[in-house]
file target30.cif (mmCIF, C-alpha atoms)
data_work
#
loop_
_atom_site.label_atom_id
_atom_site.label_comp_id
_atom_site.auth_asym_id
_atom_site.auth_seq_id
_atom_site.Cartn_x
_atom_site.Cartn_y
_atom_site.Cartn_z
CA MET B 1 -60.94 65.49 8.37
CA LYS B 2 -58.77 64.83 11.43
CA THR B 3 -60.43 65.48 14.77
CA TYR B 4 -59.16 66.03 18.30
CA ARG B 5 -60.47 63.47 20.76
CA TYR B 6 -60.27 64.41 24.43
CA THR B 7 -60.37 61.75 27.16
CA PRO B 8 -61.75 63.31 30.39
CA LEU B 9 -59.34 63.39 33.32
CA ILE B 10 -61.75 63.39 36.28
CA PRO B 11 -63.17 59.87 35.72
CA GLN B 12 -59.63 58.51 35.45
CA LEU B 13 -58.57 60.06 38.76
CA ILE B 14 -61.75 58.83 40.45
CA ALA B 15 -60.94 55.33 39.19
CA TYR B 16 -57.52 55.46 40.92
CA PHE B 17 -59.24 55.54 44.31
CA LEU B 18 -61.54 52.65 43.36
CA ASN B 19 -58.52 50.41 42.77
CA ARG B 20 -57.11 49.24 46.10
CA GLU B 21 -53.56 48.71 44.80
CA LEU B 22 -53.33 52.06 42.99
CA ASN B 23 -55.01 53.83 45.90
CA ASP B 24 -52.39 52.47 48.28
CA ARG B 25 -49.45 53.39 46.02
CA MET B 26 -50.78 56.95 45.63
CA ARG B 27 -50.17 57.57 49.33
CA TYR B 28 -46.50 58.12 48.53
CA ARG B 29 -46.86 61.92 48.47
CA SER B 30 -48.48 62.25 51.89
CA ASP B 31 -47.03 59.20 53.59
CA GLY B 32 -44.10 57.44 51.93
CA HIS B 33 -42.15 60.52 50.89
CA GLN B 34 -42.73 62.30 54.19
CA LYS B 35 -41.36 59.32 56.13
CA THR B 36 -38.29 59.21 53.91
CA LYS B 37 -37.92 62.97 54.15
CA ALA B 38 -38.00 62.90 57.94
CA SER B 39 -34.74 60.94 58.03
CA THR B 40 -33.03 62.81 55.16
CA ASN B 41 -34.30 66.37 55.51
CA SER B 42 -31.03 67.82 54.25
CA TYR B 43 -31.49 66.19 50.82
CA MET B 44 -33.72 66.86 47.83
CA SER B 45 -34.99 63.76 46.07
CA ASP B 46 -38.35 64.70 44.55
CA ILE B 47 -40.55 67.53 43.36
CA PHE B 48 -42.09 67.64 46.84
CA ASP B 49 -38.80 68.98 48.22
CA GLY B 50 -38.88 71.99 45.91
CA SER B 51 -39.72 75.53 46.99
CA HIS B 52 -42.74 75.78 44.67
CA TYR B 53 -44.54 72.77 46.17
CA LEU B 54 -43.60 73.72 49.73
CA GLY B 55 -44.93 77.22 49.09
CA LEU B 56 -48.25 75.83 47.84
CA LEU B 57 -48.77 73.99 51.15
CA GLU B 58 -49.26 77.37 52.85
CA LYS B 59 -51.28 78.99 50.06
CA GLU B 60 -55.06 79.21 49.76
CA VAL B 61 -56.50 77.79 46.55
CA THR B 62 -57.95 80.56 44.40
CA ILE B 63 -59.79 80.77 41.08
CA ASN B 64 -59.79 84.13 39.32
CA GLY B 65 -58.67 85.80 42.56
CA HIS B 66 -61.45 84.28 44.71
CA GLY B 67 -60.34 82.11 47.63
CA LEU B 68 -61.95 78.68 48.02
CA GLY B 69 -61.35 78.29 51.75
CA HIS B 70 -58.80 75.47 51.60
CA THR B 71 -55.05 75.32 51.04
CA TYR B 72 -53.22 73.27 48.47
CA PHE B 73 -52.69 69.61 49.40
CA SER B 74 -54.50 70.01 52.73
CA ASP B 75 -55.99 66.54 52.22
CA PRO B 76 -53.50 63.65 52.00
CA ARG B 77 -55.44 62.38 48.97
CA ASP B 78 -54.97 65.57 46.95
CA VAL B 79 -53.23 64.68 43.69
CA ALA B 80 -50.16 66.48 42.27
CA LEU B 81 -49.99 66.39 38.48
CA GLY B 82 -47.39 67.22 35.84
CA LEU B 83 -48.15 68.04 32.20
CA ALA B 84 -45.94 67.07 29.25
CA THR B 85 -46.22 67.30 25.48
CA ASP B 86 -44.02 67.08 22.41
CA GLY B 87 -44.28 66.40 18.72
CA VAL B 88 -44.05 62.69 17.90
CA ASN B 89 -43.29 61.15 14.51
CA PRO B 90 -44.36 57.48 14.65
CA TRP B 91 -43.27 56.79 11.05
CA ARG B 92 -39.56 56.67 10.29
CA ARG B 93 -39.88 57.82 6.67
CA ARG B 94 -42.63 60.39 7.03
CA LYS B 95 -42.68 63.93 8.37
CA SER B 96 -46.18 63.75 9.85
CA THR B 97 -46.34 64.38 13.58
CA PHE B 98 -48.95 64.47 16.30
CA TRP B 99 -48.82 65.99 19.77
CA PRO B 100 -49.91 63.80 22.72
CA ILE B 101 -50.97 65.67 25.86
CA ILE B 102 -49.91 63.56 28.82
CA LEU B 103 -50.36 63.96 32.56
CA TYR B 104 -48.21 62.26 35.18
CA ASN B 105 -49.42 61.39 38.65
CA PHE B 106 -46.76 62.56 41.11
CA ASN B 107 -48.58 60.92 44.02
CA LEU B 108 -47.10 57.65 42.77
CA PRO B 109 -43.54 56.75 43.83
CA PRO B 110 -40.80 58.17 41.55
CA GLU B 111 -39.65 54.74 40.40
CA GLU B 112 -43.01 54.00 38.76
CA ARG B 113 -44.83 57.27 38.02
CA PHE B 114 -43.28 57.58 34.54
CA HIS B 115 -44.00 54.00 33.46
CA ASP B 116 -46.13 53.78 30.32
CA ASN B 117 -49.07 52.20 32.13
CA ASN B 118 -49.18 55.09 34.63
CA ALA B 119 -49.18 57.89 32.05
CA ILE B 120 -52.55 59.61 31.64
CA CYS B 121 -52.99 60.54 27.98
CA ILE B 122 -55.95 62.90 27.76
CA GLY B 123 -55.64 63.83 24.10
CA GLU B 124 -53.62 63.71 20.90
CA VAL B 125 -53.43 66.86 18.79
CA PRO B 126 -53.51 65.68 15.16
CA GLY B 127 -50.77 66.65 12.71
CA PRO B 128 -49.05 66.81 10.40
CA GLU B 129 -48.19 70.39 11.32
CA LYS B 130 -47.40 71.95 14.69
CA PRO B 131 -50.57 73.20 16.47
CA LYS B 132 -51.26 76.85 15.66
CA ASP B 133 -53.28 77.40 18.84
CA MET B 134 -52.32 74.89 21.54
CA ASP B 135 -54.54 76.67 24.07
CA SER B 136 -57.63 75.57 22.13
CA PHE B 137 -56.63 71.94 22.69
CA LEU B 138 -55.79 72.53 26.37
CA TYR B 139 -59.15 74.22 27.08
CA PRO B 140 -61.12 71.10 28.17
CA LEU B 141 -58.23 70.04 30.43
CA ILE B 142 -58.07 73.48 32.05
CA GLN B 143 -61.82 73.34 32.70
CA GLU B 144 -61.42 69.99 34.47
CA LEU B 145 -58.44 71.23 36.50
CA LEU B 146 -60.49 74.20 37.70
CA LYS B 147 -63.26 71.81 38.77
CA LEU B 148 -60.66 69.68 40.55
CA SER B 149 -59.38 72.77 42.39
CA ILE B 150 -62.87 73.14 43.85
CA GLY B 151 -63.26 69.40 44.38
CA VAL B 152 -65.36 66.53 43.02
CA ARG B 153 -67.03 63.62 44.82
CA ALA B 154 -65.11 60.36 44.82
CA TYR B 155 -65.05 57.11 46.79
CA ASP B 156 -61.98 55.84 48.68
CA VAL B 157 -62.05 52.03 48.52
CA ILE B 158 -59.48 51.71 51.33
CA GLU B 159 -61.07 54.15 53.81
CA LYS B 160 -64.57 53.12 52.61
CA GLU B 161 -65.83 56.67 52.47
CA VAL B 162 -66.93 59.36 50.09
CA PHE B 163 -64.50 62.29 49.99
CA THR B 164 -63.77 65.47 48.05
CA LEU B 165 -61.12 64.71 45.44
CA ARG B 166 -58.88 67.59 44.45
CA ALA B 167 -55.96 67.67 42.03
CA TYR B 168 -53.53 70.42 41.07
CA LEU B 169 -51.13 70.90 38.17
CA VAL B 170 -47.77 71.83 39.71
CA THR B 171 -45.32 71.54 36.81
CA VAL B 172 -45.19 71.56 33.02
CA PHE B 173 -42.25 70.01 31.16
CA GLY B 174 -40.99 69.24 27.68
CA ASP B 175 -38.29 70.42 25.32
CA ILE B 176 -37.75 74.15 24.72
CA PRO B 177 -39.95 74.47 21.58
CA ALA B 178 -42.83 72.61 23.26
CA ILE B 179 -42.74 74.75 26.41
CA SER B 180 -42.41 77.92 24.31
CA MET B 181 -45.62 76.90 22.54
CA LEU B 182 -47.45 76.20 25.82
CA LEU B 183 -46.29 79.52 27.32
CA ARG B 184 -46.87 81.46 24.08
CA MET B 185 -43.24 82.54 23.94
CA LYS B 186 -40.97 83.35 20.99
CA GLY B 187 -38.59 80.54 21.84
CA HIS B 188 -34.88 79.84 21.79
CA ASN B 189 -34.07 81.82 18.63
CA GLY B 190 -35.71 85.08 19.78
CA CYS B 191 -34.15 88.30 21.09
CA SER B 192 -35.17 87.25 24.63
CA PRO B 193 -34.80 83.49 24.17
CA CYS B 194 -34.78 82.28 27.77
CA ARG B 195 -38.09 81.61 29.48
CA LEU B 196 -36.57 81.94 32.96
CA CYS B 197 -34.53 85.12 32.56
CA MET B 198 -34.38 88.32 30.49
CA ILE B 199 -30.93 87.78 28.98
CA ARG B 200 -30.67 89.38 25.52
CA GLY B 201 -29.50 87.54 22.43
CA VAL B 202 -27.22 88.85 19.70
CA ARG B 203 -26.84 87.85 16.06
CA ILE B 204 -23.60 86.89 14.34
CA PRO B 205 -22.03 90.06 12.90
CA ASP B 206 -22.16 90.44 9.10
CA SER B 207 -24.25 87.30 8.72
CA ARG B 208 -27.69 86.51 7.33
CA ASN B 209 -28.10 83.89 10.03
CA THR B 210 -31.13 84.91 12.12
CA THR B 211 -30.20 82.73 15.09
CA HIS B 212 -29.57 84.64 18.32
CA TYR B 213 -26.75 83.67 20.70
CA VAL B 214 -26.63 84.71 24.35
CA PRO B 215 -23.03 85.49 25.36
CA LEU B 216 -22.48 86.53 28.96
CA SER B 217 -19.90 89.09 27.85
CA HIS B 218 -20.29 91.55 25.00
CA GLN B 219 -16.62 92.52 24.95
CA ASN B 220 -15.05 92.27 21.50
CA LEU B 221 -18.52 92.18 19.92
CA PRO B 222 -19.74 94.92 17.54
CA GLU B 223 -23.15 95.03 19.23
CA ALA B 224 -22.96 96.73 22.62
CA GLY B 225 -24.78 95.16 25.51
CA PRO B 226 -24.56 94.40 29.21
CA ASP B 227 -22.26 91.78 30.68
CA TYR B 228 -24.15 89.13 32.62
CA ASP B 229 -23.20 87.35 35.83
CA PRO B 230 -24.34 83.72 35.37
CA THR B 231 -25.08 83.45 39.11
CA ASN B 232 -27.17 86.62 39.11
CA LEU B 233 -29.16 86.73 35.86
CA PRO B 234 -32.19 89.08 35.48
CA LEU B 235 -34.77 86.42 36.31
CA ARG B 236 -38.39 86.50 35.20
CA THR B 237 -40.93 86.31 38.02
CA HIS B 238 -44.54 85.20 37.69
CA LYS B 239 -45.70 88.77 38.22
CA LEU B 240 -43.31 90.19 35.63
CA PHE B 241 -44.16 87.44 33.14
CA MET B 242 -47.89 88.18 33.44
CA VAL B 243 -47.38 91.97 33.19
CA HIS B 244 -45.43 91.50 29.96
CA ALA B 245 -47.93 88.98 28.57
CA HIS B 246 -50.88 91.33 29.23
CA GLU B 247 -48.98 94.25 27.70
CA VAL B 248 -48.50 92.30 24.48
CA GLN B 249 -52.08 91.05 24.38
CA SER B 250 -53.66 94.45 25.11
CA ALA B 251 -51.51 96.44 22.65
CA GLN B 252 -53.51 98.88 20.55
CA THR B 253 -52.02 97.88 17.20
CA ASN B 254 -50.50 94.76 15.67
CA ALA B 255 -47.22 96.59 15.17
CA GLN B 256 -47.06 97.59 18.83
CA SER B 257 -47.96 94.05 19.89
CA GLU B 258 -45.19 92.56 17.73
CA ARG B 259 -42.65 95.11 19.00
CA LEU B 260 -43.47 94.22 22.62
CA ALA B 261 -43.50 90.50 21.83
CA THR B 262 -40.01 90.81 20.34
CA GLU B 263 -38.79 92.79 23.36
CA TYR B 264 -40.21 90.41 25.97
CA GLY B 265 -40.08 87.14 24.05
CA ILE B 266 -43.78 86.60 24.84
CA ASN B 267 -46.62 86.47 22.29
CA GLY B 268 -49.54 86.74 24.71
CA VAL B 269 -51.23 85.40 27.84
CA PRO B 270 -51.08 81.57 28.00
CA LEU B 271 -54.21 79.70 29.05
CA LEU B 272 -52.18 77.83 31.68
CA SER B 273 -51.92 81.10 33.63
CA VAL B 274 -55.49 80.70 34.92
CA LEU B 275 -54.24 77.87 37.15
CA ASP B 276 -53.05 79.42 40.40
CA SER B 277 -51.09 76.25 41.22
CA LEU B 278 -48.55 77.20 38.56
CA ALA B 279 -45.93 79.96 38.80
CA LEU B 280 -44.98 80.90 35.26
CA PRO B 281 -42.37 80.40 34.02
CA LEU B 282 -40.81 78.93 37.19
CA SER B 283 -43.00 75.82 37.05
CA THR B 284 -41.49 74.90 33.67
CA GLY B 285 -37.97 73.68 34.40
CA PHE B 286 -35.66 72.77 31.53
CA GLU B 287 -35.82 69.18 30.31
CA PHE B 288 -32.50 67.43 30.83
CA MET B 289 -32.45 64.85 28.05
CA HIS B 290 -32.87 67.30 25.17
CA LEU B 291 -30.80 70.02 26.80
CA VAL B 292 -27.72 67.88 27.49
CA PHE B 293 -27.86 64.59 25.57
CA GLU B 294 -29.62 65.85 22.42
CA ASN B 295 -28.03 69.30 22.32
CA LEU B 296 -24.98 70.14 24.41
CA ILE B 297 -22.87 67.00 23.93
CA PRO B 298 -23.71 66.60 20.20
CA ASN B 299 -22.82 70.26 19.63
CA LEU B 300 -19.47 69.78 21.36
CA ALA B 301 -18.81 66.87 19.01
CA LEU B 302 -19.66 69.11 16.05
CA LEU B 303 -17.26 71.76 17.36
CA TRP B 304 -14.40 69.31 17.87
CA SER B 305 -14.88 67.72 14.44
CA GLY B 306 -15.09 71.08 12.65
CA ASN B 307 -18.70 70.55 11.53
CA PHE B 308 -20.47 73.16 13.64
CA LYS B 309 -22.46 75.41 11.27
CA ASN B 310 -19.60 76.00 8.81
CA LEU B 311 -17.21 77.07 11.55
CA GLU B 312 -13.70 77.80 10.34
CA THR B 313 -11.67 74.66 11.01
CA ASN B 314 -8.45 76.43 12.03
CA GLN B 315 -9.65 76.77 15.65
CA ASP B 316 -7.30 75.11 18.14
CA PHE B 317 -10.10 73.02 19.65
CA VAL B 318 -10.86 71.35 16.28
CA PHE B 319 -9.35 67.90 15.63
CA SER B 320 -7.84 66.96 12.30
CA LYS B 321 -9.82 64.37 10.34
CA THR B 322 -7.16 61.76 11.12
CA VAL B 323 -7.44 62.32 14.87
CA TRP B 324 -11.26 62.44 14.80
CA ASP B 325 -11.40 59.17 12.80
CA ALA B 326 -9.07 57.56 15.34
CA ILE B 327 -11.32 58.72 18.20
CA GLY B 328 -14.35 57.22 16.45
CA THR B 329 -12.59 53.94 15.80
CA ALA B 330 -11.36 53.64 19.39
CA ALA B 331 -14.83 54.33 20.77
CA ALA B 332 -16.50 51.81 18.47
CA ALA B 333 -13.89 49.19 19.44
CA SER B 334 -15.13 49.38 23.04
CA ARG B 335 -18.53 48.00 22.12
CA PRO B 336 -17.77 44.28 22.77
CA THR B 337 -16.47 45.06 26.26
CA MET B 338 -19.22 47.52 27.26
CA PRO B 339 -21.59 45.98 29.85
CA SER B 340 -25.11 45.67 28.44
CA SER B 341 -26.45 47.19 31.66
CA TYR B 342 -24.87 50.48 30.58
CA GLY B 343 -27.31 50.71 27.66
CA ALA B 344 -27.10 50.59 23.87
CA PRO B 345 -23.62 50.15 22.32
CA VAL B 346 -21.97 53.34 21.07
CA PRO B 347 -21.56 53.74 17.28
CA ASN B 348 -18.51 55.25 15.57
CA ILE B 349 -18.87 58.99 16.23
CA ALA B 350 -16.77 59.89 13.17
CA THR B 351 -18.77 57.88 10.61
CA ASP B 352 -22.15 57.04 12.20
CA ARG B 353 -23.10 60.18 14.12
CA SER B 354 -26.57 60.24 12.52
CA THR B 355 -27.43 56.96 14.27
CA PHE B 356 -26.79 58.37 17.74
CA SER B 357 -29.76 58.72 20.09
CA ALA B 358 -30.04 60.49 23.44
CA GLU B 359 -29.09 57.19 25.09
CA THR B 360 -25.93 56.67 23.03
CA TRP B 361 -24.92 60.32 23.39
CA SER B 362 -25.16 59.89 27.15
CA GLN B 363 -23.08 56.70 27.01
CA TRP B 364 -20.45 58.39 24.84
CA GLY B 365 -20.33 61.57 26.91
CA LEU B 366 -20.26 60.00 30.37
CA PHE B 367 -18.25 56.82 29.84
CA VAL B 368 -16.43 56.73 26.49
CA GLY B 369 -15.52 60.36 25.84
CA PRO B 370 -13.34 60.93 28.92
CA VAL B 371 -11.19 57.94 27.84
CA VAL B 372 -10.86 58.39 24.08
CA LEU B 373 -10.36 62.17 24.27
CA ASN B 374 -7.56 61.98 26.81
CA GLY B 375 -4.35 63.35 25.28
CA ARG B 376 -6.02 64.18 21.95
CA PHE B 377 -6.53 67.96 22.26
CA SER B 378 -3.71 70.33 21.32
CA LYS B 379 -4.42 72.17 24.58
CA LYS B 380 -5.26 70.26 27.76
CA GLN B 381 -7.68 72.99 28.86
CA TYR B 382 -10.29 71.67 26.41
CA TYR B 383 -10.10 68.14 27.81
CA ASP B 384 -10.27 69.43 31.39
CA HIS B 385 -13.26 71.57 30.43
CA PHE B 386 -15.07 68.53 29.02
CA CYS B 387 -14.28 66.46 32.12
CA ASP B 388 -15.73 69.25 34.27
CA LEU B 389 -18.97 68.89 32.30
CA VAL B 390 -19.02 65.12 32.82
CA LYS B 391 -18.62 65.59 36.58
CA LEU B 392 -21.50 68.09 36.65
CA VAL B 393 -23.81 65.87 34.58
CA ASN B 394 -23.08 62.89 36.84
CA LEU B 395 -23.87 65.07 39.84
CA CYS B 396 -27.20 66.09 38.28
CA LEU B 397 -28.10 62.42 37.74
CA LYS B 398 -27.90 61.52 41.43
CA PHE B 399 -31.16 60.33 42.97
CA GLU B 400 -30.63 62.58 45.99
CA LEU B 401 -29.01 65.99 46.09
CA SER B 402 -27.65 67.63 49.19
CA LYS B 403 -27.64 71.39 49.61
CA LYS B 404 -23.92 71.29 48.85
CA ASP B 405 -24.60 69.32 45.65
CA ILE B 406 -27.05 71.97 44.49
CA LEU B 407 -24.57 74.76 45.14
CA ASP B 408 -21.85 72.79 43.37
CA ILE B 409 -24.12 72.34 40.33
CA ARG B 410 -25.08 76.01 40.29
CA ASP B 411 -21.55 77.34 40.67
CA GLY B 412 -20.02 74.58 38.53
CA PHE B 413 -22.18 75.32 35.49
CA ALA B 414 -21.63 79.07 35.92
CA GLN B 415 -17.86 78.48 35.80
CA TRP B 416 -18.19 75.97 32.94
CA VAL B 417 -20.18 78.38 30.75
CA THR B 418 -17.78 81.24 31.53
CA LYS B 419 -14.79 79.09 30.50
CA TYR B 420 -16.63 77.88 27.40
CA GLU B 421 -17.32 81.43 26.33
CA ARG B 422 -13.75 82.51 26.92
CA CYS B 423 -12.28 79.57 24.98
CA VAL B 424 -14.88 78.74 22.33
CA HIS B 425 -17.99 80.85 22.08
CA LEU B 426 -16.35 84.17 21.24
CA ALA B 427 -14.54 82.42 18.40
CA LEU B 428 -17.93 81.40 17.00
CA ILE B 429 -19.36 84.90 17.28
CA SER B 430 -16.35 86.91 16.09
CA LYS B 431 -14.94 84.62 13.39
CA GLY B 432 -17.86 82.61 12.10
CA PRO B 433 -19.95 80.85 11.07
CA ARG B 434 -20.68 82.93 7.99
#

call {"tool": "encode", "arguments": {"input": "target30.cif", "output": "structure tokens"}}
result
Amino acid sequence: MKTYRYTPLIPQLIAYFLNRELNDRMRYRSDGHQKTKASTNSYMSDIFDGSHYLGLLEKEVTINGHGLGHTYFSDPRDVALGLATDGVNPWRRRKSTFWPIILYNFNLPPEERFHDNNAICIGEVPGPEKPKDMDSFLYPLIQELLKLSIGVRAYDVIEKEVFTLRAYLVTVFGDIPAISMLLRMKGHNGCSPCRLCMIRGVRIPDSRNTTHYVPLSHQNLPEAGPDYDPTNLPLRTHKLFMVHAHEVQSAQTNAQSERLATEYGINGVPLLSVLDSLALPLSTGFEFMHLVFENLIPNLALLWSGNFKNLETNQDFVFSKTVWDAIGTAAAASRPTMPSSYGAPVPNIATDRSTFSAETWSQWGLFVGPVVLNGRFSKKQYYDHFCDLVKLVNLCLKFELSKKDILDIRDGFAQWVTKYERCVHLALISKGPR
């Protein structure tokens, strides 16, 4: 019988302050970042520049509505933590997975906090199947985080004093299915698939496909619905999220509970909601690697090659096989001249797409694609649209973002999605796939 082994968090955090080197590096949050911030206060470079963290600095710590008499991060040694999880398959030819539960110490500098030796693995949920009740595995961690909100005794080897150690979970991250599981949400194929807004999904007309798509405009679609402004979506707030979650959980019948869960996209109250340091779902930002390099760019390649979910291949953004093979050959030919510092060499996208990883998709999308796609589309608008995406992704990857950068990202993606829907997405909904 497989068992879940939990490694307590509190002793590990106490040990940080007993190690002089680690103790010194953990002063980044209260010292190093603040000094950097003082000279670049118009830029955002870390989680400590975000509105959620800055709001916590003025907020009293509470447990179950009872104030504890101190504010978040009032002591420079208070620790900011992030939680991550995902299913991992360590065996290439097996389907068995397990789910590590990992904490990251944001008090460490950004350039080292995500190194393997700084990750705090507190448990591994055994497989081979996805956990049916993730909250049951999170329970011992939540208990420790509540204790850390109150404070535990620790010794500071640098200051040579006993102090009250506190730590707070400020963010939770992972791919969309993992976060949906942690938040007890329906997920990306539901009627309300987005965890941050209440946009409604629609199914493909006259199709048995149960996947929901979320077009901004419902014009020319059989199913009536509102048109959405991408810069003004109906956002979920923490209060609204909790009201909906409690409605589902307190429903009188199973049928009523399922109806509400389908309407709201929420299956119940997540255990993480007992932590007042989190604002759900706002503390669960979307994870960039899966969203862009494992999803968006590969799906564009499927569209262009005519392999997207049985899409009719007579669309004007679909390449002929001859052109697509030539694109793959040209990209693969660049491998000998690609600097190794750029990352792994890019395979032939026409013949070896299954060997692509997030790293090679990023290389292809950011560096190779803009070159080999130039002049290939029957309409230049598709190439320009792709180049707009590349510019936005490069902007997102900057180490520091100005206020103008953030506005450019927000408005740029709103325009990009609107153009995509006008040129491509409505063709998918109205003409296929079947």

call {"tool": "resolve_selection", "arguments": {"input": "target30.cif", "expression": "the PyMOL selection byres ((chain B and resi 293) around 10)", "output": "PyMOL selection string"}}
result
chain B and resi 288-292+294-299+357-365+393

call {"tool": "write_last_selection", "arguments": {"input": "target30.cif", "atoms": "C-alpha atoms", "output": "PDB file, keeping the file's coordinate frame"}}
result
ATOM      1  CA  PHE B 288     -32.500  67.430  30.830  1.00  0.00           C
ATOM      2  CA  MET B 289     -32.450  64.850  28.050  1.00  0.00           C
ATOM      3  CA  HIS B 290     -32.870  67.300  25.170  1.00  0.00           C
ATOM      4  CA  LEU B 291     -30.800  70.020  26.800  1.00  0.00           C
ATOM      5  CA  VAL B 292     -27.720  67.880  27.490  1.00  0.00           C
ATOM      6  CA  GLU B 294     -29.620  65.850  22.420  1.00  0.00           C
ATOM      7  CA  ASN B 295     -28.030  69.300  22.320  1.00  0.00           C
ATOM      8  CA  LEU B 296     -24.980  70.140  24.410  1.00  0.00           C
ATOM      9  CA  ILE B 297     -22.870  67.000  23.930  1.00  0.00           C
ATOM     10  CA  PRO B 298     -23.710  66.600  20.200  1.00  0.00           C
ATOM     11  CA  ASN B 299     -22.820  70.260  19.630  1.00  0.00           C
ATOM     12  CA  SER B 357     -29.760  58.720  20.090  1.00  0.00           C
ATOM     13  CA  ALA B 358     -30.040  60.490  23.440  1.00  0.00           C
ATOM     14  CA  GLU B 359     -29.090  57.190  25.090  1.00  0.00           C
ATOM     15  CA  THR B 360     -25.930  56.670  23.030  1.00  0.00           C
ATOM     16  CA  TRP B 361     -24.920  60.320  23.390  1.00  0.00           C
ATOM     17  CA  SER B 362     -25.160  59.890  27.150  1.00  0.00           C
ATOM     18  CA  GLN B 363     -23.080  56.700  27.010  1.00  0.00           C
ATOM     19  CA  TRP B 364     -20.450  58.390  24.840  1.00  0.00           C
ATOM     20  CA  GLY B 365     -20.330  61.570  26.910  1.00  0.00           C
ATOM     21  CA  VAL B 393     -23.810  65.870  34.580  1.00  0.00           C
TER      22      VAL B 393
END

call {"tool": "residues_around", "arguments": {"input": "target30.cif", "residues": "Leu233 in chain B", "least_positions_apart": "6", "cutoff": "8 Å", "atoms": "only C-alpha atoms", "output": "PyMOL selection string"}}
result
chain B and resi 197-199

call {"tool": "resolve_selection", "arguments": {"input": "target30.cif", "expression": "the PyMOL selection byres ((chain B and resi 82) around 12)", "output": "VMD selection string"}}
result
chain B and resid 47 79 to 81 83 to 85 101 to 108 113 to 114 119 to 121 145 167 to 174 277 to 278 283 to 285

call {"tool": "write_last_selection", "arguments": {"input": "target30.cif", "atoms": "C-alpha atoms", "output": "CSV table (one decimal), keeping the file's coordinate frame"}}
result
chain,number,residue,atom,x,y,z
B,47,ILE,CA,-40.6,67.5,43.4
B,79,VAL,CA,-53.2,64.7,43.7
B,80,ALA,CA,-50.2,66.5,42.3
B,81,LEU,CA,-50.0,66.4,38.5
B,83,LEU,CA,-48.2,68.0,32.2
B,84,ALA,CA,-45.9,67.1,29.2
B,85,THR,CA,-46.2,67.3,25.5
B,101,ILE,CA,-51.0,65.7,25.9
B,102,ILE,CA,-49.9,63.6,28.8
B,103,LEU,CA,-50.4,64.0,32.6
B,104,TYR,CA,-48.2,62.3,35.2
B,105,ASN,CA,-49.4,61.4,38.6
B,106,PHE,CA,-46.8,62.6,41.1
B,107,ASN,CA,-48.6,60.9,44.0
B,108,LEU,CA,-47.1,57.6,42.8
B,113,ARG,CA,-44.8,57.3,38.0
B,114,PHE,CA,-43.3,57.6,34.5
B,119,ALA,CA,-49.2,57.9,32.0
B,120,ILE,CA,-52.6,59.6,31.6
B,121,CYS,CA,-53.0,60.5,28.0
B,145,LEU,CA,-58.4,71.2,36.5
B,167,ALA,CA,-56.0,67.7,42.0
B,168,TYR,CA,-53.5,70.4,41.1
B,169,LEU,CA,-51.1,70.9,38.2
B,170,VAL,CA,-47.8,71.8,39.7
B,171,THR,CA,-45.3,71.5,36.8
B,172,VAL,CA,-45.2,71.6,33.0
B,173,PHE,CA,-42.2,70.0,31.2
B,174,GLY,CA,-41.0,69.2,27.7
B,277,SER,CA,-51.1,76.2,41.2
B,278,LEU,CA,-48.6,77.2,38.6
B,283,SER,CA,-43.0,75.8,37.0
B,284,THR,CA,-41.5,74.9,33.7
B,285,GLY,CA,-38.0,73.7,34.4

call {"tool": "residues_near_point", "arguments": {"input": "target30.cif", "point": "(-8.8, 63.8, 23.9)", "cutoff": "10 Å", "atoms": "only C-alpha atoms", "output": "NGL selection string"}}
result
:B and (304 or 319 or 323-324 or 327 or 369-380 or 382-384 or 386)

call {"tool": "atom_distance", "arguments": {"input": "target30.cif", "atom1": "CA of Ser45 in chain B", "atom2": "CA of Lys398 in chain B"}}
result
8.8 Å

call {"tool": "atom_distance", "arguments": {"input": "target30.cif", "atom1": "CA of Asp24 in chain B", "atom2": "CA of Ile10 in chain B"}}
result
18.7 Å

call {"tool": "residues_around", "arguments": {"input": "target30.cif", "residues": "Tyr16 in chain B", "least_positions_apart": "5", "cutoff": "10 Å", "atoms": "all atoms listed in the file", "output": "list of chain:residue names"}}
result
B:Pro11, B:Glu21, B:Leu22, B:Asn23, B:Asp24, B:Arg25, B:Met26, B:Ala154, B:Tyr155, B:Asp156, B:Val157

call {"tool": "atom_distance", "arguments": {"input": "target30.cif", "atom1": "CA of Glu144 in chain B", "atom2": "CA of Leu271 in chain B"}}
result
13.3 Å

call {"tool": "resolve_selection", "arguments": {"input": "target30.cif", "expression": "the PyMOL selection byres ((chain B and resi 128) around 6)", "output": "ChimeraX atom specification"}}
result
/B:96-97,127,129

call {"tool": "closest_residue", "arguments": {"input": "target30.cif", "among": "B:Val162, B:Leu389, B:Val152, B:Leu216", "to": "Pro230 in chain B", "atoms": "only C-alpha atoms"}}
result
B:Leu216

call {"tool": "residues_around", "arguments": {"input": "target30.cif", "residues": "Leu240 in chain B", "least_positions_apart": "6", "cutoff": "10 Å", "atoms": "all atoms listed in the file", "output": "MDAnalysis selection string"}}
result
chainID B and resid 246 280:281
